Amino acid sequence: MSNIIIMNLSSLSAKASEEIYESDLGQIKGKNTADAPVKYIIDYIKKKNEKVGKILTVVTEEAENSFSEFRKMLSAYAPEVPEPVCIPGSDEYKTVIDVLSHVKKGDKIYIEATGGLRNTTYTLMMIVRILEYSGVTLEKAVYSKHNNDRQNSKPNRIEDITDVYRTLNLINAANSFTSFGSSDELEKYFENNDDVIIKETINAMRNFSDDITLCRVSRLDKTLEALNTYLKTMSGTELKNKDSALFRSLAEVIREKFYMDKAVSVIEYPDIVRWCLDNKLIQQAVTIFTEKMPRYFFEKKFFTVAPEEFAEKKKKNEKSNFGLEYELFYSGLMTDSCIPEAARFFRNTVSRGAQGNEKSIISRGKTDENIIFEALGECNDITTFAARTRKLKSQNGYSTDEFARALKKYFKIKRIVYFPDGTIREHEAILEKLETENEPEVRSAVSERSVLPKKMTDFPKAVKNYPELFMAVFEFRTEYDDEHLNFIGTLEKRKVSQLYTITDKLSVEELKTLFMDIYYIKTFVRNKLNHASEDDSDEERKSFFSGYERYNTDSELTVTEITSLLSDTLDIIRRFSS
């Protein structure tokens with residue numbers, strides 16, 4: 001490690017005389033404008049019980065006559081200091097390279113900024129920036145402030161401008177955060193700052209930086225809430241010192257970079273996704289869009305959920321790695337496609353009726369759905385079922401002619417599968433009976449033994465949970481095996497759902513585009529970025545999406561394709577939320 005002084009030398013005027021400069025180390029004399037500041041730096045380093053390693057002197061052609069005088073001055077003032085290194089200053093870029101060649105990682109830099117031409121100040125700034133990237137520390141920067149007004153009694157002074165140079169670090173640190181989500185430079189810049197709000201804001205930035213870098217989406221809700229809170233607090237707080245006040249101004253720039261405006265005073269998930277796209281953080285953009293946009297949709301009431309459905313999904317989500325809104329959106333709304341009313345009513349009733357354990361049902365009393373669910377599991381014919389459910393208040397679903405016809409088929413299949421005492425028949429006997437009774441679709445649906453539960457009371461849940469069996473019993477067929485594609489394909493014909501409603505702020509065409517984009521990004525883009533292996537269902541999705549020029553299903557996706565698609569989707573989302 002070495003203490004290195006870097007300076008620009010000015011030409012020495014024939015009329016120049018020795019002047020006295022005040023400083024925090026006492027009075028210092030100097031003839032050339034650089035003399036007093038350099039002496040000051042030498043004394044400052046000595047006071048720390050350290051030695052000057054090198055003095056790198058940038059000398060322009062105009063200042064060549066001054067270099068010998070400068071050497072004599074140094075030799076007389078500090079003979080222990082090494083000979084100054086003369087670096088030609090005629091070519092700015094060569095000068096930078098020459099200076100850098102004399103500095104190593106771990107060195108400490110001192111800047112004398114008085115001398116030279118106007119552009120040499122910017123050359124010094126450029127050198128400092130490059131050196132700091134290389135692990136070199138700026139310790140101090142000074143210049144001599146000469147009082148030319150003889151009428152004014154103010155003395156000449158050695159001015160410390162270290163903070164001016166370090167302000168560039170703060171600006172660069174803020175840019176690192178807004179461009180790459182990195183808070184490292186901000187943390188380093190404010191490591192000795194005791195302002196609580198500054199510390200908390202930077203802590204929130206660090207958490208955000210970590211979560212974005214690691215794609216740790218599960219933590220983003222709390223992290224984003226904290227970041228919004230402290231950026232907002234920072235904007236409205238009166239800060240005393242200069243660095244803190246400047247950081248407050250930069251906080252406003254950060255808010256703008258994340259697309260915050262007067263109408264929306266917080267950073268939201270669409271803003272983060274767009275910011276990721278702006279900064280080529282493609283994998284982060286895709287992951288956050290896929291996993292967190294459902295939460296945004298739910299909070300903004302893009303879709304709503306019936307209370308009983310919400311309760312059921314919440315219970316199922318307790319052991320899930322994804323958020324509740326994720327399950328509500330992908331496994332709820334996007335599987336709520338057009339099916340016959342009787343089949344929908346059966347599915348919804350079984351979902352709600354199966355809820356709750358024995359204790360909770362006893363304490364709150366059985367609901368109509370509980371009673372119907374039990375009857376579906378325990379009864380063997382429609383007459384017994386009707387007797388069990390006749391006195392219920394909700395007669396608007398299971399008592400319809402359509403549901404009655406479906407129930408006859410349901411109980412017919414149930415009697416084929418189970419003996420009257422509720423025990424299951426041999427699987428081969430079931431398949432044989434289904435063939436005899438001309439039920440080929442049901443036979444195909446239960447060809448795997450595992451589809452049929454051993455307990456007869458679990459049969460309603462099996463019918464609901466296995467799509468092939470569900471469709472065979474209720475005698476309907478969807479166009480696709482993938483329920484999400486059925487949802488998208490039938491969106492134009494979608495009737496009012498008992499469980500899920502969708503916003504009317506967007507046209508059907510916009511909704512279809514939005515849902516297609518979301519499902520394509522989830523199943524194709526994210527899987528390709530994560531190198532996920534393909535499964536058989538991919539072929540059906542490929543066939544579906546290949547019919548649209550908007551989607552690439554055959555070749556590797558480019559950054560431009562992903563960015564363009566996500567940007568278009570975000571525009572639709574903003575039209576909804578504006």
# chains A, B, ... in the order shown; residues from 1 in each chain; ligands from 1

$ residues_around --residues "stretch 25-35 of chain A" --least-positions-apart "2" --cutoff "8 Å" --atoms "only C-alpha atoms" --output "PyMOL selection string"
chain A and resi 7-10+12+16-23+37-40+43-44+70+73+112+114-115+143-144

$ select_by_dssp --residues "stretch 157-296 of chain A" --states "strand (DSSP E)" --output "list in words"
Arg157, Ile158, Glu159 and Asp160 of chain A

$ write_last_selection --atoms "C-alpha atoms" --output "PDB file, in the first residue's frame"
ATOM      1  CA  ARG A 157      -7.035  29.215   2.114  1.00  0.00           C
ATOM      2  CA  ILE A 158      -6.431  25.551   1.449  1.00  0.00           C
ATOM      3  CA  GLU A 159      -9.933  24.237   0.736  1.00  0.00           C
ATOM      4  CA  ASP A 160     -10.906  20.592   1.282  1.00  0.00           C
TER       5      ASP A 160
END

$ residues_around --residues "stretch 228-234 of chain A" --least-positions-apart "4" --cutoff "12 Å" --atoms "only C-alpha atoms" --output "PyMOL selection string"
chain A and resi 195-205+208+220-224+238-239+244-256+258+260+262+264-269

$ write_last_selection --atoms "C-alpha atoms" --output "mmCIF file, in the first residue's frame"
data_model
loop_
_atom_site.group_PDB
_atom_site.id
_atom_site.type_symbol
_atom_site.label_atom_id
_atom_site.label_comp_id
_atom_site.auth_asym_id
_atom_site.auth_seq_id
_atom_site.Cartn_x
_atom_site.Cartn_y
_atom_site.Cartn_z
ATOM 1 C CA ASP A 195 -29.121 9.108 10.462
ATOM 2 C CA VAL A 196 -31.782 6.497 11.345
ATOM 3 C CA ILE A 197 -33.904 7.149 8.248
ATOM 4 C CA ILE A 198 -30.871 6.855 5.983
ATOM 5 C CA LYS A 199 -29.885 3.559 7.624
ATOM 6 C CA GLU A 200 -33.417 2.115 7.425
ATOM 7 C CA THR A 201 -33.839 3.190 3.801
ATOM 8 C CA ILE A 202 -30.538 1.629 2.775
ATOM 9 C CA ASN A 203 -31.408 -1.511 4.744
ATOM 10 C CA ALA A 204 -34.664 -1.753 2.764
ATOM 11 C CA MET A 205 -32.675 -1.235 -0.441
ATOM 12 C CA PHE A 208 -34.652 -5.473 -2.179
ATOM 13 C CA LEU A 220 -40.777 -9.514 -2.040
ATOM 14 C CA ASP A 221 -44.124 -8.518 -0.499
ATOM 15 C CA LYS A 222 -42.589 -7.432 2.819
ATOM 16 C CA THR A 223 -39.436 -6.101 1.169
ATOM 17 C CA LEU A 224 -41.396 -3.932 -1.251
ATOM 18 C CA GLU A 238 -35.959 17.391 6.756
ATOM 19 C CA LEU A 239 -32.379 16.137 6.772
ATOM 20 C CA SER A 244 -28.388 13.097 3.679
ATOM 21 C CA ALA A 245 -30.099 15.993 1.901
ATOM 22 C CA LEU A 246 -28.551 14.942 -1.391
ATOM 23 C CA PHE A 247 -29.641 11.365 -0.799
ATOM 24 C CA ARG A 248 -33.195 12.583 -0.280
ATOM 25 C CA SER A 249 -33.064 14.192 -3.731
ATOM 26 C CA LEU A 250 -31.714 10.967 -5.176
ATOM 27 C CA ALA A 251 -34.556 9.071 -3.482
ATOM 28 C CA GLU A 252 -36.935 11.033 -5.719
ATOM 29 C CA VAL A 253 -34.920 9.965 -8.764
ATOM 30 C CA ILE A 254 -35.108 6.352 -7.570
ATOM 31 C CA ARG A 255 -38.890 6.639 -7.262
ATOM 32 C CA GLU A 256 -39.083 7.989 -10.830
ATOM 33 C CA PHE A 258 -39.396 2.733 -10.743
ATOM 34 C CA MET A 260 -43.777 6.062 -9.445
ATOM 35 C CA LYS A 262 -48.185 11.474 -8.374
ATOM 36 C CA VAL A 264 -49.474 6.152 -7.554
ATOM 37 C CA SER A 265 -47.174 6.915 -4.633
ATOM 38 C CA VAL A 266 -45.760 3.412 -4.237
ATOM 39 C CA ILE A 267 -43.704 0.995 -6.314
ATOM 40 C CA GLU A 268 -45.972 -1.821 -7.532
ATOM 41 C CA TYR A 269 -45.223 -5.151 -9.153
#

$ residues_around --residues "A:Ile518" --least-positions-apart "2" --cutoff "9 Å" --atoms "only C-alpha atoms" --output "JSON, numbers by chain"
{"A": [289, 290, 513, 514, 515, 516, 520, 521, 522, 523, 566, 569]}

$ residues_around --residues "stretch 430-444 of chain A" --least-positions-apart "6" --cutoff "12 Å" --atoms "only C-alpha atoms" --output "list in words"
Lys409, Tyr410, Lys412, Ile413, Lys414, Arg415, Ile416, Val417, Tyr418, Phe419, Ile424, Val451, Leu452, Val463, Tyr466, Pro467, Glu468, Leu469, Phe470, Met471, Ala472, Val473, Phe474, Glu475, Phe476 and Arg477 of chain A

$ write_last_selection --atoms "N, CA and C atoms" --output "mmCIF file, in the first residue's frame"
data_model
loop_
_atom_site.group_PDB
_atom_site.id
_atom_site.type_symbol
_atom_site.label_atom_id
_atom_site.label_comp_id
_atom_site.auth_asym_id
_atom_site.auth_seq_id
_atom_site.Cartn_x
_atom_site.Cartn_y
_atom_site.Cartn_z
ATOM 1 N N LYS A 409 -77.033 -40.570 -13.623
ATOM 2 C CA LYS A 409 -75.808 -41.143 -14.175
ATOM 3 C C LYS A 409 -74.779 -41.346 -13.055
ATOM 4 N N TYR A 410 -74.665 -40.360 -12.186
ATOM 5 C CA TYR A 410 -73.701 -40.413 -11.076
ATOM 6 C C TYR A 410 -73.960 -41.643 -10.190
ATOM 7 N N LYS A 412 -75.713 -44.278 -10.914
ATOM 8 C CA LYS A 412 -75.559 -45.506 -11.698
ATOM 9 C C LYS A 412 -74.094 -45.971 -11.655
ATOM 10 N N ILE A 413 -73.190 -45.057 -11.887
ATOM 11 C CA ILE A 413 -71.756 -45.389 -11.866
ATOM 12 C C ILE A 413 -71.335 -45.807 -10.464
ATOM 13 N N LYS A 414 -71.881 -45.108 -9.472
ATOM 14 C CA LYS A 414 -71.518 -45.421 -8.087
ATOM 15 C C LYS A 414 -71.925 -46.843 -7.720
ATOM 16 N N ARG A 415 -73.102 -47.281 -8.184
ATOM 17 C CA ARG A 415 -73.583 -48.645 -7.871
ATOM 18 C C ARG A 415 -72.747 -49.696 -8.601
ATOM 19 N N ILE A 416 -72.207 -49.323 -9.741
ATOM 20 C CA ILE A 416 -71.326 -50.246 -10.464
ATOM 21 C C ILE A 416 -70.003 -50.425 -9.718
ATOM 22 N N VAL A 417 -69.534 -49.347 -9.104
ATOM 23 C CA VAL A 417 -68.224 -49.366 -8.437
ATOM 24 C C VAL A 417 -68.302 -49.994 -7.047
ATOM 25 N N TYR A 418 -69.398 -49.722 -6.305
ATOM 26 C CA TYR A 418 -69.458 -50.150 -4.897
ATOM 27 C C TYR A 418 -70.624 -51.108 -4.638
ATOM 28 N N PHE A 419 -70.389 -52.007 -3.680
ATOM 29 C CA PHE A 419 -71.476 -52.860 -3.167
ATOM 30 C C PHE A 419 -72.396 -51.992 -2.305
ATOM 31 N N ILE A 424 -65.725 -51.510 -2.074
ATOM 32 C CA ILE A 424 -65.468 -51.406 -3.518
ATOM 33 C C ILE A 424 -65.388 -52.783 -4.151
ATOM 34 N N VAL A 451 -57.686 -44.291 -9.454
ATOM 35 C CA VAL A 451 -58.692 -43.233 -9.610
ATOM 36 C C VAL A 451 -59.841 -43.426 -8.617
ATOM 37 N N LEU A 452 -60.213 -44.667 -8.378
ATOM 38 C CA LEU A 452 -61.386 -44.955 -7.544
ATOM 39 C C LEU A 452 -60.979 -45.160 -6.090
ATOM 40 N N VAL A 463 -64.764 -37.934 -8.245
ATOM 41 C CA VAL A 463 -65.420 -37.424 -9.464
ATOM 42 C C VAL A 463 -64.994 -35.984 -9.722
ATOM 43 N N TYR A 466 -60.789 -35.794 -10.637
ATOM 44 C CA TYR A 466 -60.234 -36.413 -11.846
ATOM 45 C C TYR A 466 -61.009 -35.919 -13.064
ATOM 46 N N PRO A 467 -60.417 -35.039 -13.869
ATOM 47 C CA PRO A 467 -61.135 -34.427 -14.996
ATOM 48 C C PRO A 467 -61.791 -35.424 -15.940
ATOM 49 N N GLU A 468 -61.104 -36.514 -16.290
ATOM 50 C CA GLU A 468 -61.678 -37.489 -17.226
ATOM 51 C C GLU A 468 -62.939 -38.134 -16.652
ATOM 52 N N LEU A 469 -62.889 -38.483 -15.369
ATOM 53 C CA LEU A 469 -64.054 -39.080 -14.713
ATOM 54 C C LEU A 469 -65.169 -38.045 -14.579
ATOM 55 N N PHE A 470 -64.808 -36.825 -14.232
ATOM 56 C CA PHE A 470 -65.769 -35.726 -14.081
ATOM 57 C C PHE A 470 -66.544 -35.511 -15.376
ATOM 58 N N MET A 471 -65.810 -35.446 -16.494
ATOM 59 C CA MET A 471 -66.458 -35.213 -17.783
ATOM 60 C C MET A 471 -67.292 -36.425 -18.219
ATOM 61 N N ALA A 472 -66.806 -37.629 -17.915
ATOM 62 C CA ALA A 472 -67.544 -38.837 -18.311
ATOM 63 C C ALA A 472 -68.860 -38.960 -17.559
ATOM 64 N N VAL A 473 -68.848 -38.652 -16.256
ATOM 65 C CA VAL A 473 -70.067 -38.756 -15.445
ATOM 66 C C VAL A 473 -71.079 -37.707 -15.869
ATOM 67 N N PHE A 474 -70.612 -36.486 -16.122
ATOM 68 C CA PHE A 474 -71.540 -35.393 -16.441
ATOM 69 C C PHE A 474 -71.715 -35.197 -17.946
ATOM 70 N N GLU A 475 -71.152 -36.114 -18.728
ATOM 71 C CA GLU A 475 -71.384 -36.196 -20.175
ATOM 72 C C GLU A 475 -71.126 -34.885 -20.908
ATOM 73 N N PHE A 476 -69.929 -34.410 -20.767
ATOM 74 C CA PHE A 476 -69.511 -33.257 -21.561
ATOM 75 C C PHE A 476 -68.031 -33.450 -21.887
ATOM 76 N N ARG A 477 -67.556 -32.699 -22.830
ATOM 77 C CA ARG A 477 -66.160 -32.814 -23.239
ATOM 78 C C ARG A 477 -65.616 -31.427 -23.530
#

$ atom_distance --atom1 "atom CA of A:Asp368" --atom2 "atom CA of A:Thr389"
8.3 Å

$ residues_around --residues "A:Lys54" --least-positions-apart "6" --cutoff "9 Å" --atoms "only C-alpha atoms" --output "ChimeraX atom specification"
/A:2-6,81-85,102

$ select_by_dssp --residues "stretch 334-478 of chain A" --states "helix (DSSP H, G or I)" --output "count of residues only"
95

$ closest_residue --among "A:Gln355, A:Glu291, A:Phe411, A:Gly236" --to "A:Lys314" --atoms "only C-alpha atoms"
A:Gln355

$ residues_around --residues "stretch 319-331 of chain A" --least-positions-apart "6" --cutoff "8 Å" --atoms "only C-alpha atoms" --output "list of chain:residue names"
A:Ser218, A:Glu291, A:Lys292, A:Pro294, A:Arg295, A:Phe298, A:Val305, A:Phe310, A:Lys313, A:His484

$ write_last_selection --atoms "C-alpha atoms" --output "mmCIF file, in the first residue's frame"
data_model
loop_
_atom_site.group_PDB
_atom_site.id
_atom_site.type_symbol
_atom_site.label_atom_id
_atom_site.label_comp_id
_atom_site.auth_asym_id
_atom_site.auth_seq_id
_atom_site.Cartn_x
_atom_site.Cartn_y
_atom_site.Cartn_z
ATOM 1 C CA SER A 218 -41.459 -15.184 -1.653
ATOM 2 C CA GLU A 291 -45.446 -15.286 -9.366
ATOM 3 C CA LYS A 292 -46.453 -11.841 -8.110
ATOM 4 C CA PRO A 294 -51.700 -12.561 -9.327
ATOM 5 C CA ARG A 295 -51.312 -10.727 -6.005
ATOM 6 C CA PHE A 298 -56.276 -9.614 -6.544
ATOM 7 C CA VAL A 305 -63.365 -14.691 -5.340
ATOM 8 C CA PHE A 310 -61.337 -18.173 -0.846
ATOM 9 C CA LYS A 313 -58.025 -22.243 -1.361
ATOM 10 C CA HIS A 484 -56.255 -23.194 -18.553
#

$ closest_residue --among "A:Ser447, A:Thr457, A:Ser101, A:Asn317" --to "A:Ile372" --atoms "only C-alpha atoms"
A:Thr457

$ decode --residues "stretch 180-223 of chain A" --atoms "N, CA and C atoms" --output "compact mmCIF listing (two decimals), in the first residue's frame"
# COMPACT_ATOMS: atom_id res chain seq x y z
N PHE A 180 -29.19 -1.67 -11.54
CA PHE A 180 -28.91 -3.08 -11.35
C PHE A 180 -29.51 -3.65 -10.07
N GLY A 181 -30.15 -2.79 -9.26
CA GLY A 181 -30.71 -3.25 -8.00
C GLY A 181 -29.63 -3.52 -6.96
N SER A 182 -28.42 -2.97 -7.17
CA SER A 182 -27.32 -3.21 -6.23
C SER A 182 -27.22 -2.07 -5.22
N SER A 183 -27.23 -2.43 -3.93
CA SER A 183 -27.14 -1.41 -2.88
C SER A 183 -25.76 -1.34 -2.25
N ASP A 184 -24.80 -2.12 -2.75
CA ASP A 184 -23.48 -2.20 -2.12
C ASP A 184 -22.80 -0.84 -2.00
N GLU A 185 -22.82 -0.06 -3.08
CA GLU A 185 -22.12 1.23 -3.06
C GLU A 185 -22.80 2.23 -2.12
N LEU A 186 -24.12 2.19 -2.05
CA LEU A 186 -24.83 3.07 -1.11
C LEU A 186 -24.48 2.71 0.32
N GLU A 187 -24.43 1.41 0.61
CA GLU A 187 -24.08 0.96 1.97
C GLU A 187 -22.68 1.45 2.34
N LYS A 188 -21.75 1.31 1.41
CA LYS A 188 -20.37 1.73 1.68
C LYS A 188 -20.28 3.24 1.88
N TYR A 189 -21.02 3.99 1.06
CA TYR A 189 -20.95 5.45 1.14
C TYR A 189 -21.48 5.95 2.49
N PHE A 190 -22.55 5.34 2.99
CA PHE A 190 -23.19 5.82 4.22
C PHE A 190 -22.85 4.96 5.44
N GLU A 191 -21.75 4.20 5.37
CA GLU A 191 -21.44 3.29 6.48
C GLU A 191 -21.18 4.03 7.80
N ASN A 192 -20.75 5.29 7.73
CA ASN A 192 -20.49 6.06 8.96
C ASN A 192 -21.57 7.09 9.26
N ASN A 193 -22.67 7.02 8.52
CA ASN A 193 -23.76 7.98 8.73
C ASN A 193 -24.71 7.43 9.80
N ASP A 194 -25.03 8.26 10.80
CA ASP A 194 -25.85 7.81 11.92
C ASP A 194 -27.33 8.14 11.77
N ASP A 195 -27.72 8.74 10.65
CA ASP A 195 -29.12 9.11 10.46
C ASP A 195 -29.97 7.85 10.37
N VAL A 196 -30.96 7.71 11.26
CA VAL A 196 -31.78 6.50 11.34
C VAL A 196 -32.54 6.25 10.05
N ILE A 197 -33.10 7.31 9.47
CA ILE A 197 -33.90 7.15 8.25
C ILE A 197 -33.01 6.70 7.09
N ILE A 198 -31.81 7.28 7.02
CA ILE A 198 -30.87 6.85 5.98
C ILE A 198 -30.56 5.38 6.14
N LYS A 199 -30.24 4.97 7.36
CA LYS A 199 -29.89 3.56 7.62
C LYS A 199 -31.05 2.62 7.27
N GLU A 200 -32.26 2.98 7.68
CA GLU A 200 -33.42 2.12 7.43
C GLU A 200 -33.73 2.04 5.93
N THR A 201 -33.57 3.17 5.24
CA THR A 201 -33.84 3.19 3.80
C THR A 201 -32.84 2.31 3.06
N ILE A 202 -31.57 2.43 3.43
CA ILE A 202 -30.54 1.63 2.78
C ILE A 202 -30.70 0.15 3.13
N ASN A 203 -31.13 -0.13 4.36
CA ASN A 203 -31.41 -1.51 4.74
C ASN A 203 -32.53 -2.10 3.88
N ALA A 204 -33.57 -1.30 3.64
CA ALA A 204 -34.66 -1.75 2.76
C ALA A 204 -34.16 -1.96 1.34
N MET A 205 -33.26 -1.09 0.90
CA MET A 205 -32.67 -1.23 -0.44
C MET A 205 -31.83 -2.50 -0.53
N ARG A 206 -31.08 -2.79 0.53
CA ARG A 206 -30.25 -3.99 0.53
C ARG A 206 -31.12 -5.25 0.44
N ASN A 207 -32.21 -5.28 1.20
CA ASN A 207 -33.12 -6.44 1.15
C ASN A 207 -33.73 -6.59 -0.24
N PHE A 208 -34.10 -5.45 -0.83
CA PHE A 208 -34.65 -5.47 -2.18
C PHE A 208 -33.61 -6.00 -3.16
N SER A 209 -32.37 -5.48 -3.01
CA SER A 209 -31.28 -5.91 -3.88
C SER A 209 -31.05 -7.41 -3.79
N ASP A 210 -31.03 -7.94 -2.56
CA ASP A 210 -30.82 -9.38 -2.36
C ASP A 210 -31.95 -10.19 -2.99
N ASP A 211 -33.18 -9.76 -2.76
CA ASP A 211 -34.34 -10.51 -3.26
C ASP A 211 -34.40 -10.53 -4.78
N ILE A 212 -34.06 -9.39 -5.40
CA ILE A 212 -34.07 -9.31 -6.85
C ILE A 212 -32.94 -10.17 -7.43
N THR A 213 -31.74 -10.04 -6.87
CA THR A 213 -30.59 -10.77 -7.38
C THR A 213 -30.81 -12.28 -7.29
N LEU A 214 -31.37 -12.73 -6.17
CA LEU A 214 -31.56 -14.16 -5.95
C LEU A 214 -32.92 -14.67 -6.43
N CYS A 215 -33.71 -13.78 -7.05
CA CYS A 215 -35.08 -14.14 -7.47
C CYS A 215 -35.86 -14.71 -6.29
N ARG A 216 -35.67 -14.12 -5.11
CA ARG A 216 -36.33 -14.60 -3.90
C ARG A 216 -37.70 -13.95 -3.80
N VAL A 217 -38.60 -14.41 -4.65
CA VAL A 217 -39.89 -13.76 -4.83
C VAL A 217 -40.77 -13.89 -3.58
N SER A 218 -40.60 -14.96 -2.82
CA SER A 218 -41.46 -15.18 -1.65
C SER A 218 -41.33 -14.08 -0.61
N ARG A 219 -40.19 -13.37 -0.61
CA ARG A 219 -39.98 -12.32 0.38
C ARG A 219 -40.33 -10.93 -0.14
N LEU A 220 -40.64 -10.83 -1.41
CA LEU A 220 -40.78 -9.51 -2.04
C LEU A 220 -41.91 -8.67 -1.47
N ASP A 221 -42.99 -9.29 -1.02
CA ASP A 221 -44.12 -8.52 -0.50
C ASP A 221 -43.68 -7.61 0.66
N LYS A 222 -43.04 -8.21 1.66
CA LYS A 222 -42.59 -7.43 2.82
C LYS A 222 -41.46 -6.48 2.44
N THR A 223 -40.56 -6.94 1.59
CA THR A 223 -39.44 -6.10 1.17
C THR A 223 -39.93 -4.86 0.44
